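Enquirer: Have a look at the structure that comes next, please.
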Amino acid sequence: MIPAIFPIRLRISTAYVILGERAVLVDTGSNGEEDRILSGLRRYNVDPQRVALLLHTHGHTDHAGSTRALKERLRVPAAIHAADAPKMRAGDSGRLRPLRFSSRLIALTINPRFPPAEPDLLVEEGYSLSEFGISAAVLHTPGHTPGSISVLFDDGRAIAGDLMMGGSLGGAFHPDRPGYHYFAEDLAELRRSIRKLLDRGVKTIYLGHGGPLEAGPVRERFAPDFDAI
Ligand SMILES: [Zn+2]
Ligand SMILES: [Zn+2]
């Protein structure tokens with residue numbers, strides 16, 4: 001069964017619902033967006049009761065901000081990579097390391113704190129979504145944060161969180177143009193992760209901000225930087 005990927009656009013970020021036999025919600029937006037997410041599910045005719053897992057691409061405030069509220073509302077487990085679990089537990093994105101000057105200004109406008117939530121499941125590379133009738137697995141793609149993951153589907157689609165960004169101003173302009181996100185905790189590691197995702201044969205990349213992106217332009221944009229790894 002080829003699972004559907006439905007984007008739920010939120011104030012700052014985009015969450016995704018993957019629909020197989022069960023549904024997996026990827027990321028929970030910012031603090032206070034649980035109702036927006038639940039109505040997003042209904043808009044796609046996905047009964048919130050079908051959601052079996054809250055899976056996080058990483059532990060930033062705009063991706064795990066409504067996790068605590070959704071855990072309470074849906075009574076489902078929250079999953080995150082072990083390396084980002086401390087962010088979720090503390091409800092703190094930690095220090096955002098800017099990649100360029102404009103990022104510094106953006107960092108000032110972001111509240112790094114969010115309601116803390118206890119992770120129920122720590123996922124690693126290779127964690128399969130097959131138990132939900134979804135032919136996809138987790139790929140560890142660190143760099144933006146140490147515990148950043150991507151969900152790679154057997155058919156070449158991927159949800160990659162903040163591994164990169166589509167367009168500028170969070171995807172408001174030219175959302176199909178690949179670029180670096182504003183922040184990365186480890187730039188060399190981030191580049192290795194982009195190369196890893198491309199090497200795994202990804203075709204279409206869904207992102208937390210902007211996108212989706214096609215593999216061709218992504219390779220063109222980032223391959224020259226792979227020499228710097
Ligand atoms: Zn992020
Ligand atoms: Zn983000």
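Numbering starts fresh at 1 for the residues of each chain in the structure tokens, the chains themselves are lettered A, B, ... in the order given, and ligands are numbered from 1 as they appear.
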With only C-alpha atoms as the counted atoms, please give the residues lying no more than 7 Å from segment 139-150 of chain A, apart from itself and same-chain residues fewer than 6 positions off, as a ChimeraX atom specification.
Expert: /A:57-58,81-84,124-126,158-163,183-187,189-190,193
Enquirer: Would you name the residues within 12 Å of ligand 2, counting only C-alpha atoms and all ligand atoms, and put them as a PyMOL selection string?
Expert: chain A and resi 10-15+27-30+56-65+93+96+106-107+110+112+144-145+148+160-166+169-171+180-184+207-210
Enquirer: As a PyMOL selection string, please: the residues near Pro119 of chain A (cut-off 10 Å, only C-alpha atoms, same-chain neighbours under 4 positions excluded).
Expert: chain A and resi 54-56+67-68+71+77-82+84-86+88-89
Enquirer: Name the residues of segment 15-108 of chain A that come out as strand (DSSP E) in a backbone DSSP run; write them as a PyMOL selection string.
Expert: chain A and resi 15-19+23-26+51-55+78-81
Enquirer: Could you find all residues in segment 12-103 of chain A that DSSP calls alpha helix (DSSP H) from the backbone, and write them as a list in words?
Expert: Glu34, Asp35, Arg36, Ile37, Leu38, Ser39, Gly40, Leu41, Arg42, Arg43, Thr67, Arg68, Ala69, Leu70, Lys71, Glu72, Arg73, Leu74, Ala85, Pro86, Lys87, Met88, Arg89, Ala90, Phe101, Ser102 and Ser103 of chain A
Enquirer: Give the answer as one residue: which of A:Arg195, A:Arg157, A:His174, A:Arg97 has the shortest atom-to-atom distance to ligand 1, using only C-alpha atoms and all ligand atoms?
Expert: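 Ranking A:Arg195, A:Arg157, A:His174, A:Arg97 by distance to ligand 1, first place goes to A:Arg97.
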Enquirer: Of the candidates A:Glu220, A:Asp225, A:Asp176, A:Asp92, which one gets nearest to ligand 1 if we count only C-alpha atoms and all ligand atoms?
Expert: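 Result for the nearest residue to ligand 1: A:Asp92.
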Enquirer: Compare A:Pro98, A:Glu72, A:Pro115, A:Phe6 by their minimum atom-to-atom distance to ligand 1, counting only C-alpha atoms and all ligand atoms, and give me the closest one.
Expert: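 Counting only C-alpha atoms and all ligand atoms, the residue closest to ligand 1 is A:Pro98.
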Enquirer: Report, in Å to a single decimal, how far apart atom CA of Ala52 of chain A and atom CA of Ala23 of chain A are.
Expert: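 Interatomic distance here is 5.9 Å.
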Enquirer: Pick from A:Leu38, A:Leu121, A:Ile5, A:Val24: nearest to Ile205 of chain A, with only C-alpha atoms counted?
Expert: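 Checking each candidate against Ile205 of chain A, we get A:Ile5 as the closest.
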Enquirer: Would you kindly return, as a ChimeraX atom specification, each protein, DNA or RNA residue with an atom no farther than 10 Å from any atom of Ser130 of chain A, considering only C-alpha atoms and excluding same-chain residues fewer than 4 positions away?
Expert: /A:20-22,134-137
Enquirer: Those residues you just picked out, can you put them in a file as a PDB file, in the first residue's frame with N, CA and C atoms?
Expert:
```
ATOM      1  N   GLY A  20      -1.452   5.176   6.297  1.00  0.00           N
ATOM      2  CA  GLY A  20      -1.400   3.795   5.823  1.00  0.00           C
ATOM      3  C   GLY A  20      -2.616   3.081   6.399  1.00  0.00           C
ATOM      4  N   GLU A  21      -2.388   1.894   7.002  1.00  0.00           N
ATOM      5  CA  GLU A  21      -3.507   1.253   7.713  1.00  0.00           C
ATOM      6  C   GLU A  21      -3.867   2.065   8.941  1.00  0.00           C
ATOM      7  N   ARG A  22      -2.842   2.605   9.594  1.00  0.00           N
ATOM      8  CA  ARG A  22      -3.027   3.585  10.661  1.00  0.00           C
ATOM      9  C   ARG A  22      -2.399   4.889  10.176  1.00  0.00           C
ATOM     10  N   ILE A 134       2.703   1.148   6.784  1.00  0.00           N
ATOM     11  CA  ILE A 134       3.374   2.235   6.057  1.00  0.00           C
ATOM     12  C   ILE A 134       4.769   1.745   5.667  1.00  0.00           C
ATOM     13  N   SER A 135       5.052   1.731   4.356  1.00  0.00           N
ATOM     14  CA  SER A 135       6.343   1.207   3.912  1.00  0.00           C
ATOM     15  C   SER A 135       7.385   2.319   3.933  1.00  0.00           C
ATOM     16  N   ALA A 136       7.888   2.591   5.118  1.00  0.00           N
ATOM     17  CA  ALA A 136       8.873   3.659   5.322  1.00  0.00           C
ATOM     18  C   ALA A 136       9.689   3.341   6.561  1.00  0.00           C
ATOM     19  N   ALA A 137      10.882   3.925   6.621  1.00  0.00           N
ATOM     20  CA  ALA A 137      11.743   3.713   7.779  1.00  0.00           C
ATOM     21  C   ALA A 137      12.485   5.000   8.109  1.00  0.00           C
TER      22      ALA A 137
END
```
